[in-house]
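Trainee: I am sharing query_16.txt, which consists of compact mmCIF, C-alpha atoms:
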```
# COMPACT_ATOMS: atom_id res chain seq x y z
CA MET E 1 -8.36 12.60 48.10
CA HIS E 2 -6.37 11.65 44.99
CA ASN E 3 -3.09 13.25 44.14
CA ASN E 4 -3.36 14.13 40.43
CA THR E 5 0.09 15.63 40.03
CA ILE E 6 2.31 14.47 37.20
CA ALA E 7 5.33 12.44 38.26
CA PRO E 8 8.63 14.30 38.00
CA THR E 9 10.51 13.88 34.73
CA PRO E 10 14.25 14.01 34.14
CA SER E 11 15.65 17.44 34.81
CA LEU E 12 16.19 19.36 31.58
CA SER E 13 19.16 20.99 33.29
CA ASN E 14 20.94 17.62 33.40
CA PRO E 15 21.49 16.51 29.80
CA ILE E 16 22.69 13.00 30.68
CA LEU E 17 19.38 12.35 32.45
CA VAL E 18 17.47 13.52 29.39
CA ARG E 19 19.53 11.26 27.09
CA LEU E 20 19.25 8.26 29.41
CA ALA E 21 15.48 8.75 29.67
CA ALA E 22 15.20 8.92 25.87
CA ALA E 23 17.28 5.74 25.53
CA MET E 24 15.06 4.09 28.13
CA ALA E 25 11.86 5.17 26.33
CA ASP E 26 13.22 3.95 22.99
CA THR E 27 14.22 0.61 24.51
CA TYR E 28 10.81 0.25 26.14
CA ALA E 29 8.97 1.07 22.91
CA LEU E 30 11.08 -1.46 21.02
CA CYS E 31 10.43 -4.01 23.75
CA LEU E 32 6.65 -3.53 23.41
CA LYS E 33 6.89 -3.71 19.61
CA THR E 34 8.92 -6.93 19.78
CA GLN E 35 6.57 -8.50 22.31
CA GLY E 36 3.57 -7.64 20.14
CA TYR E 37 5.26 -9.29 17.17
CA HIS E 38 5.99 -12.33 19.35
CA TRP E 39 2.27 -12.64 20.04
CA ASN E 40 1.10 -12.08 16.47
CA VAL E 41 3.71 -13.60 14.15
CA GLU E 42 2.41 -16.18 11.66
CA GLY E 43 3.70 -18.16 8.71
CA ARG E 44 6.36 -20.70 7.81
CA THR E 45 8.90 -19.09 10.13
CA PHE E 46 6.48 -18.81 13.04
CA TYR E 47 8.42 -20.90 15.53
CA GLN E 48 11.83 -19.38 14.80
CA LEU E 49 10.54 -15.78 14.91
CA HIS E 50 8.26 -16.41 17.89
CA THR E 51 11.27 -17.76 19.81
CA LEU E 52 13.68 -15.03 18.64
CA PHE E 53 11.24 -12.23 19.48
CA GLU E 54 10.72 -13.70 22.95
CA VAL E 55 14.45 -13.83 23.66
CA GLN E 56 14.83 -10.24 22.47
CA TYR E 57 11.91 -8.68 24.35
CA LYS E 58 12.86 -10.44 27.60
CA GLU E 59 16.40 -9.09 27.30
CA MET E 60 15.04 -5.58 26.75
CA ILE E 61 12.80 -5.76 29.82
CA ASP E 62 15.92 -6.16 31.96
CA ALA E 63 17.66 -3.38 30.03
CA VAL E 64 14.82 -0.93 30.70
CA ASP E 65 15.20 -1.67 34.41
CA GLU E 66 18.97 -1.05 34.27
CA LEU E 67 18.47 2.27 32.47
CA ALA E 68 15.78 3.36 34.96
CA GLU E 69 17.99 2.48 37.90
CA ARG E 70 20.88 4.46 36.39
CA ILE E 71 18.60 7.49 36.04
CA ARG E 72 17.60 7.13 39.69
CA ALA E 73 21.23 6.69 40.78
CA LEU E 74 22.00 10.05 39.14
CA GLY E 75 19.19 11.71 41.09
CA GLY E 76 16.58 11.81 38.35
CA TYR E 77 13.19 10.21 37.97
CA ALA E 78 12.72 7.54 35.34
CA PRO E 79 9.77 7.93 32.98
CA SER E 80 7.16 5.55 34.33
CA THR E 81 4.01 5.90 32.22
CA PHE E 82 3.14 5.16 28.60
CA ALA E 83 2.30 8.84 28.15
CA MET E 84 5.75 9.96 29.29
CA MET E 85 7.55 7.42 27.16
CA ARG E 86 5.39 8.02 24.09
CA HIS E 87 6.56 11.63 24.08
CA MET E 88 10.20 10.65 24.54
CA THR E 89 10.60 7.79 22.07
CA SER E 90 11.70 7.97 18.45
CA VAL E 91 10.66 4.37 17.75
CA GLU E 92 7.68 4.21 15.38
CA MET E 93 4.81 2.05 16.58
CA ASP E 94 2.58 0.09 14.23
CA GLU E 95 -1.11 0.71 13.74
CA ARG E 96 -1.86 -2.72 12.24
CA ILE E 97 -0.76 -6.35 12.23
CA LEU E 98 2.14 -6.98 9.84
CA SER E 99 3.40 -9.98 7.90
CA SER E 100 6.38 -11.77 9.44
CA ALA E 101 8.75 -10.23 6.86
CA GLN E 102 7.39 -6.76 7.60
CA MET E 103 7.83 -7.40 11.31
CA VAL E 104 11.50 -8.20 10.78
CA GLU E 105 11.96 -5.13 8.56
CA HIS E 106 10.29 -2.88 11.15
CA LEU E 107 12.45 -4.32 13.93
CA VAL E 108 15.62 -3.67 11.92
CA LYS E 109 14.52 -0.04 11.53
CA ALA E 110 13.60 0.23 15.22
CA HIS E 111 16.93 -1.22 16.36
CA THR E 112 18.67 1.32 14.13
CA THR E 113 16.67 4.08 15.85
CA VAL E 114 17.58 2.75 19.29
CA CYS E 115 21.26 2.56 18.29
CA GLU E 116 21.14 6.22 17.25
CA SER E 117 19.54 7.14 20.58
CA LEU E 118 22.17 5.18 22.48
CA ARG E 119 24.99 6.85 20.53
CA HIS E 120 23.60 10.29 21.46
CA ALA E 121 23.42 9.27 25.11
CA LEU E 122 26.90 7.75 24.93
CA GLY E 123 28.30 10.99 23.53
CA MET E 124 26.70 12.91 26.39
CA ALA E 125 28.04 10.44 28.98
CA ARG E 126 31.55 10.97 27.60
CA GLU E 127 31.05 14.74 27.53
CA VAL E 128 30.04 14.89 31.21
CA ASN E 129 32.66 12.27 32.21
CA ASP E 130 30.17 9.67 33.44
CA PRO E 131 31.99 6.33 32.94
CA VAL E 132 29.24 4.26 34.61
CA SER E 133 26.57 5.50 32.20
CA GLU E 134 29.09 5.17 29.37
CA ASP E 135 29.69 1.50 30.24
CA LEU E 136 25.95 0.78 30.42
CA LEU E 137 25.32 2.51 27.08
CA VAL E 138 28.20 0.73 25.31
CA GLU E 139 26.75 -2.61 26.43
CA ARG E 140 23.25 -1.62 25.27
CA LEU E 141 24.64 -0.48 21.91
CA ARG E 142 26.46 -3.81 21.50
CA VAL E 143 23.26 -5.75 22.18
CA HIS E 144 21.11 -3.70 19.78
CA GLU E 145 23.68 -3.80 17.00
CA THR E 146 23.87 -7.59 17.38
CA GLN E 147 20.08 -7.94 17.39
CA ARG E 148 19.81 -5.71 14.31
CA TRP E 149 22.44 -7.80 12.50
CA MET E 150 20.60 -11.03 13.34
CA LEU E 151 17.31 -9.61 12.06
CA GLU E 152 18.94 -8.20 8.90
CA SER E 153 20.40 -11.65 8.23
CA LEU E 154 16.90 -13.10 8.16
CA LEU E 155 16.06 -10.80 5.25
CA GLN E 156 19.01 -11.95 3.12
CA ASP E 157 18.90 -14.68 0.53
CA SER E 158 21.49 -17.39 1.05
CA PRO E 159 24.19 -17.42 -1.61
CA SER E 160 24.59 -20.57 -3.63
CA ARG E 161 27.74 -22.59 -3.04
CA ALA E 162 29.00 -21.39 -6.45
CA ASP E 163 28.82 -17.76 -5.23
CA LEU E 164 30.96 -18.38 -2.16
CA PRO E 165 34.69 -17.61 -2.29
CA GLU E 166 36.98 -20.59 -2.58
CA THR E 167 38.92 -21.56 0.51
CA VAL E 168 42.66 -21.75 0.36
CA ASP E 169 44.20 -24.87 1.87
```
Go ahead and express the file in the form of structure tokens.
Mentor:
Amino acid sequence: MHNNTIAPTPSLSNPILVRLAAAMADTYALCLKTQGYHWNVEGRTFYQLHTLFEVQYKEMIDAVDELAERIRALGGYAPSTFAMMRHMTSVEMDERILSSAQMVEHLVKAHTTVCESLRHALGMAREVNDPVSEDLLVERLRVHETQRWMLESLLQDSPSRADLPETVD
């Protein structure tokens, strides 16, 4: 006989568990998005983007595990199915294959979304005096802000030497 019960979800009575689960779902959605781009990127910047996307999604796989383990350490249950995470994430998923420039633009937006989610969770961790979750969330925020900055930099045109400020000797 099969057990068709739904796995427990984070307790709505514990707001830090809800925020951590949302941060985990957002990170997982961004990880899947980045891995999909890694598989499907094309064009003149193929190698650079293929490599960058791989580094980023592999880092996020480990981060999802850390977030899930923190949820478990606090007595909650980590979301463990696509269905659960789909309902918890704020990261928009694509319905079609994008150009490499669109991929970068969409990742910048998604990292911004994840940063917002992490800030909400960080605020809750501070409110409930949970320094371990706070430390984890600060590190995750640092990583996503750095990844967003790197991706945004790819969208910028390089200034000409004449546009750069002069150095003072």
Trainee: Taking only C-alpha atoms into account, name the residue in E:Val64, E:Ala73, E:Ala78, E:Val91 that is nearest to Ala110 in chain E.
Mentor: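 Answer, going by the shortest atom-to-atom distance: E:Val91.
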Trainee: Looking at all atoms listed in the file, which of E:Gln48, E:Ser117, E:Asn129, E:Thr112 is the one that sits closest to Ala21 in chain E?
Mentor: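 Using all atoms listed in the file, Ala21 in chain E sits closest to E:Ser117.
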Trainee: Might you pull out every residue within 12 Å of Thr51 in chain E, with only C-alpha atoms counted and same-chain residues fewer than 6 positions away left off, and present them as a list in words?
Mentor: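 Once the adjacent positions are removed, what remains is Thr34, Gln35, Tyr37, His38, Trp39, Val41, Thr45, Tyr57 and Lys58 of chain E.
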Trainee: Taking a cut-off of 10 Å and counting all atoms listed in the file, can you build a table that, for each residue of range 73-125 of chain E near range 132-154 of chain E, reports the nearest atom pair and how far apart they are in Å (one decimal), sorted by chain then residue number, as a tab-separated table?
Mentor:
```
residue	atom	partner	partner_atom	distance
E:Leu74	CA	E:Ser133	CA	9.5
E:Ala101	CA	E:Leu154	CA	8.7
E:Met103	CA	E:Leu151	CA	9.8
E:Val104	CA	E:Leu151	CA	6.1
E:Glu105	CA	E:Glu152	CA	7.6
E:His106	CA	E:Leu151	CA	9.8
E:Leu107	CA	E:Leu151	CA	7.4
E:Val108	CA	E:Arg148	CA	5.2
E:Lys109	CA	E:Arg148	CA	8.2
E:Ala110	CA	E:Arg148	CA	8.6
E:His111	CA	E:Arg148	CA	5.7
E:Thr112	CA	E:Arg148	CA	7.1
E:Thr113	CA	E:His144	CA	9.8
E:Val114	CA	E:His144	CA	7.4
E:Cys115	CA	E:Leu141	CA	5.8
E:Glu116	CA	E:Leu141	CA	8.9
E:Ser117	CA	E:Leu141	CA	9.3
E:Leu118	CA	E:Leu137	CA	6.2
E:Arg119	CA	E:Leu141	CA	7.5
E:His120	CA	E:Leu137	CA	9.8
E:Ala121	CA	E:Leu137	CA	7.3
E:Leu122	CA	E:Glu134	CA	5.6
E:Gly123	CA	E:Glu134	CA	8.3
E:Met124	CA	E:Glu134	CA	8.6
E:Ala125	CA	E:Glu134	CA	5.4
```
Trainee: So what do you get for CA of Ala23 in chain E versus CA of Glu54 in chain E, distance-wise?
Mentor: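 That distance, rounded to one decimal, is 20.7 Å.
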Trainee: Just give me the gap between CA of Met24 in chain E and CA of Ala63 in chain E in Å, one decimal is fine.
Mentor: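 Separation between CA of Met24 in chain E and CA of Ala63 in chain E: 8.1 Å.
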Trainee: Residues within 9 Å of Glu42 in chain E, please, as number ranges by chain. Count only C-alpha atoms; anything in the same chain fewer than 4 positions from it doesn't count.
Mentor: E: 46-47, 49-50, 99-100
Trainee: Give as a PyMOL selection string the set of residues within 12 Å of the point (0.4, 0.2, 14.7), where distances use the file's coordinates and only C-alpha atoms.
Mentor: chain E and resi 29+32-33+36-37+91-98+103+106
Trainee: Quote the spacing between CA of Asp130 in chain E and CA of Ile16 in chain E in Å to one decimal place.
Mentor: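 Taking CA of Asp130 in chain E and CA of Ile16 in chain E, their separation equals 8.6 Å.
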Trainee: Looking at all atoms listed in the file, which of E:Asn14, E:Glu127, E:Ala22, E:Leu30 is the one that sits closest to Glu59 in chain E?
Mentor: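 Comparing E:Asn14, E:Glu127, E:Ala22, E:Leu30 against Glu59 in chain E, the winner is E:Leu30.
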Trainee: Can you work out which one of E:Met88, E:Ala68, E:Leu20, E:Cys31 has the shortest atom-to-atom distance to Val55 in chain E, counting all atoms listed in the file?
Mentor: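 Smallest distance to Val55 in chain E is found for E:Cys31.
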Trainee: Counting all atoms listed in the file, figure out which residue out of E:Gln102, E:Pro15, E:Asp65, E:Arg126 gets nearest to Pro79 in chain E.
Mentor: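 Closest residue, counting all atoms listed in the file: E:Asp65.
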Trainee: Could you check which of E:Leu52, E:Ile71, E:Leu155, E:Met84 is closest to Asp26 in chain E, using only C-alpha atoms?
Mentor: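 Comparing E:Leu52, E:Ile71, E:Leu155, E:Met84 against Asp26 in chain E, the winner is E:Met84.
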